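Chemist: The following file, start-v8.pdb, comprises PDB, C-alpha atoms:
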ATOM      1  CA  MET S  24      44.200  25.092-101.643
ATOM      2  CA  LYS S  25      43.351  22.247 -99.207
ATOM      3  CA  LYS S  26      46.934  21.030 -99.405
ATOM      4  CA  GLU S  27      48.246  24.465 -98.377
ATOM      5  CA  ILE S  28      45.811  24.652 -95.433
ATOM      6  CA  GLY S  29      46.904  21.150 -94.394
ATOM      7  CA  ILE S  30      50.560  22.165 -94.542
ATOM      8  CA  GLY S  31      49.813  25.203 -92.375
ATOM      9  CA  PHE S  32      47.892  23.017 -89.913
ATOM     10  CA  LEU S  33      50.789  20.561 -89.703
ATOM     11  CA  ILE S  34      53.341  23.344 -89.206
ATOM     12  CA  GLY S  35      51.095  24.792 -86.489
ATOM     13  CA  LEU S  36      51.079  21.417 -84.719
ATOM     14  CA  ILE S  37      54.856  21.236 -84.963
ATOM     15  CA  ALA S  38      55.202  24.783 -83.612
ATOM     16  CA  THR S  39      52.909  23.986 -80.680
ATOM     17  CA  THR S  40      54.817  20.791 -79.905
ATOM     18  CA  PHE S  41      58.098  22.674 -80.120
ATOM     19  CA  GLY S  42      56.737  25.365 -77.793
ATOM     20  CA  PHE S  43      55.672  22.745 -75.253
ATOM     21  CA  PHE S  44      59.030  20.980 -75.233
ATOM     22  CA  ALA S  45      60.968  24.264 -75.270
ATOM     23  CA  TYR S  46      59.036  25.520 -72.248
ATOM     24  CA  LEU S  47      59.695  22.298 -70.360
ATOM     25  CA  GLU S  48      63.367  22.311 -71.314
ATOM     26  CA  PHE S  49      64.220  25.923 -70.505
ATOM     27  CA  PHE S  50      61.917  26.836 -67.622
ATOM     28  CA  VAL S  51      61.416  23.597 -65.724
ATOM     29  CA  HIS S  52      64.335  21.931 -64.046
ATOM     30  CA  GLN S  53      62.891  18.457 -63.637
ATOM     31  CA  ASP S  54      62.873  15.427 -65.875
ATOM     32  CA  PHE S  55      60.157  15.119 -68.507
ATOM     33  CA  GLU S  56      58.130  12.317 -66.908
ATOM     34  CA  THR S  57      58.011  13.992 -63.498
ATOM     35  CA  MET S  58      56.882  17.259 -65.043
ATOM     36  CA  LEU S  59      54.125  15.603 -67.100
ATOM     37  CA  LYS S  60      52.866  13.860 -63.988
ATOM     38  CA  PHE S  61      52.871  17.182 -62.135
ATOM     39  CA  ILE S  62      50.998  18.930 -64.962
ATOM     40  CA  PHE S  63      48.200  16.383 -64.932
ATOM     41  CA  GLU S  64      48.007  16.143 -61.123
ATOM     42  CA  GLU S  65      47.791  19.914 -60.680
ATOM     43  CA  GLU S  66      45.466  20.316 -63.687
ATOM     44  CA  LEU S  67      47.837  22.685 -65.473
ATOM     45  CA  PHE S  68      47.421  21.098 -68.894
ATOM     46  CA  GLY S  69      45.298  23.929 -70.310
ATOM     47  CA  LYS S  70      47.717  26.593 -69.149
ATOM     48  CA  MET S  71      50.720  24.717 -70.513
ATOM     49  CA  LEU S  72      48.965  24.185 -73.831
ATOM     50  CA  GLY S  73      48.201  27.896 -74.036
ATOM     51  CA  LEU S  74      51.852  28.778 -73.516
ATOM     52  CA  ALA S  75      52.909  26.117 -75.979
ATOM     53  CA  ALA S  76      50.724  27.666 -78.691
ATOM     54  CA  LEU S  77      52.590  31.004 -78.633
ATOM     55  CA  PRO S  78      54.999  30.007 -81.436
ATOM     56  CA  ASN S  79      51.944  29.759 -83.708
ATOM     57  CA  LEU S  80      51.759  33.534 -83.608
ATOM     58  CA  PHE S  81      55.215  33.866 -85.130
ATOM     59  CA  VAL S  82      54.521  31.182 -87.743
ATOM     60  CA  PHE S  83      51.251  32.900 -88.672
ATOM     61  CA  PHE S  84      52.916  36.261 -89.270
ATOM     62  CA  ILE S  85      55.742  34.662 -91.249
ATOM     63  CA  PHE S  86      53.185  33.086 -93.580
ATOM     64  CA  LEU S  87      51.373  36.399 -93.963
ATOM     65  CA  LYS S  88      54.639  38.209 -94.695
ATOM     66  CA  LYS S  89      55.432  35.647 -97.425
ATOM     67  CA  LYS S  90      51.886  36.057 -98.803
ATOM     68  CA  GLN S  91      50.972  32.434 -98.065
ATOM     69  CA  GLU S  92      47.453  33.116 -96.811
ATOM     70  CA  TYR S  93      46.201  29.527 -97.052
ATOM     71  CA  ARG S  94      49.034  28.233 -94.881
ATOM     72  CA  ALA S  95      48.273  31.024 -92.405
ATOM     73  CA  ARG S  96      44.666  29.807 -92.385
ATOM     74  CA  GLY S  97      45.906  26.339 -91.484
ATOM     75  CA  VAL S  98      47.835  27.763 -88.534
ATOM     76  CA  VAL S  99      44.719  29.629 -87.389
ATOM     77  CA  LEU S 100      42.680  26.432 -87.710
ATOM     78  CA  GLU S 101      45.208  24.582 -85.557
ATOM     79  CA  SER S 102      45.145  27.427 -83.033
ATOM     80  CA  PHE S 103      41.361  27.079 -82.780
ATOM     81  CA  LEU S 104      41.828  23.357 -82.162
ATOM     82  CA  VAL S 105      44.297  24.148 -79.354
ATOM     83  CA  ALA S 106      41.814  26.649 -77.899
ATOM     84  CA  LEU S 107      39.121  23.965 -77.959
ATOM     85  CA  LEU S 108      41.453  21.528 -76.196
ATOM     86  CA  ILE S 109      42.213  24.187 -73.558
ATOM     87  CA  LEU S 110      38.485  24.728 -73.029
ATOM     88  CA  ILE S 111      37.921  20.989 -72.634
ATOM     89  CA  ALA S 112      40.879  20.677 -70.270
ATOM     90  CA  GLN S 113      39.485  23.419 -68.026
ATOM     91  CA  PHE S 114      36.197  21.556 -67.526
ATOM     92  CA  LEU S 115      37.627  18.064 -66.990
TER      93      LEU S 115
END
Represent the structure contained in this file as structure tokens.
Modeler:
Amino acid sequence: MKKEIGIGFLIGLIATTFGFFAYLEFFVHQDFETMLKFIFEEELFGKMLGLAALPNLFVFFIFLKKKQEYRARGVVLESFLVALLILIAQFL
């Protein structure tokens, strides 16, 4: 059970990372380092992280469709971690 939740958490992290890089690649026409600098200077980290977490929604529903509830719980746990990071980023 814990292994399945861990796998879901890891896949959620991968999906969030993929969402972040995909957003930067397709919607921003600057190099990676310049964009990261801009994100931190303009305090857009929380907003970018929120957009990056959208692929978790698709992963979550795929796990539910395949009846892998524990992996879906791991994705939800990772999504709560992202939400906590967004909350922290808004106050810093």
Chemist: Just want the 12 Å neighbourhood of segment 30-33 of chain S, counted on all atoms listed in the file, with same-chain residues fewer than 6 positions away dropped. Output as a PyMOL selection string.
Modeler: chain S and resi 24+39-40+79+82-87+91-105
Chemist: So that I can see what lies close to segment 41-48 of chain S, please list as a PDB file with C-alpha atoms, in the frame of the given file the residues with an atom at most 12 Å from it, counting only C-alpha atoms and leaving out residues fewer than 4 positions away in the same chain.
Modeler:
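Now in out04.pdb:
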ATOM      1  CA  ILE S  34      53.341  23.344 -89.206  1.00  0.00           C
ATOM      2  CA  GLY S  35      51.095  24.792 -86.489  1.00  0.00           C
ATOM      3  CA  LEU S  36      51.079  21.417 -84.719  1.00  0.00           C
ATOM      4  CA  ILE S  37      54.856  21.236 -84.963  1.00  0.00           C
ATOM      5  CA  HIS S  52      64.335  21.931 -64.046  1.00  0.00           C
ATOM      6  CA  GLN S  53      62.891  18.457 -63.637  1.00  0.00           C
ATOM      7  CA  ASP S  54      62.873  15.427 -65.875  1.00  0.00           C
ATOM      8  CA  PHE S  55      60.157  15.119 -68.507  1.00  0.00           C
ATOM      9  CA  GLU S  56      58.130  12.317 -66.908  1.00  0.00           C
ATOM     10  CA  THR S  57      58.011  13.992 -63.498  1.00  0.00           C
ATOM     11  CA  MET S  58      56.882  17.259 -65.043  1.00  0.00           C
ATOM     12  CA  LEU S  59      54.125  15.603 -67.100  1.00  0.00           C
ATOM     13  CA  PHE S  61      52.871  17.182 -62.135  1.00  0.00           C
ATOM     14  CA  ILE S  62      50.998  18.930 -64.962  1.00  0.00           C
ATOM     15  CA  PHE S  68      47.421  21.098 -68.894  1.00  0.00           C
ATOM     16  CA  GLY S  69      45.298  23.929 -70.310  1.00  0.00           C
ATOM     17  CA  LYS S  70      47.717  26.593 -69.149  1.00  0.00           C
ATOM     18  CA  MET S  71      50.720  24.717 -70.513  1.00  0.00           C
ATOM     19  CA  LEU S  72      48.965  24.185 -73.831  1.00  0.00           C
ATOM     20  CA  GLY S  73      48.201  27.896 -74.036  1.00  0.00           C
ATOM     21  CA  LEU S  74      51.852  28.778 -73.516  1.00  0.00           C
ATOM     22  CA  ALA S  75      52.909  26.117 -75.979  1.00  0.00           C
ATOM     23  CA  ALA S  76      50.724  27.666 -78.691  1.00  0.00           C
ATOM     24  CA  LEU S  77      52.590  31.004 -78.633  1.00  0.00           C
ATOM     25  CA  PRO S  78      54.999  30.007 -81.436  1.00  0.00           C
ATOM     26  CA  ASN S  79      51.944  29.759 -83.708  1.00  0.00           C
ATOM     27  CA  LEU S  80      51.759  33.534 -83.608  1.00  0.00           C
ATOM     28  CA  PHE S  81      55.215  33.866 -85.130  1.00  0.00           C
ATOM     29  CA  VAL S  82      54.521  31.182 -87.743  1.00  0.00           C
TER      30      VAL S  82
END
Chemist: So the first atom is atom CA of Gln113 of chain S and the second is atom CA of Phe50 of chain S; what is the distance between them in Å, to one decimal place?
Modeler: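 One can read the atom CA of Gln113 of chain S to atom CA of Phe50 of chain S distance as 22.7 Å.
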Chemist: May I ask for the distance between atom CA of Lys90 of chain S and atom CA of Lys26 of chain S, given in Å to one decimal place?
Modeler: 15.8 Å
Chemist: How many Å lie between atom CA of Leu108 of chain S and atom CA of Phe49 of chain S, rounded to one decimal?
Modeler: 23.9 Å
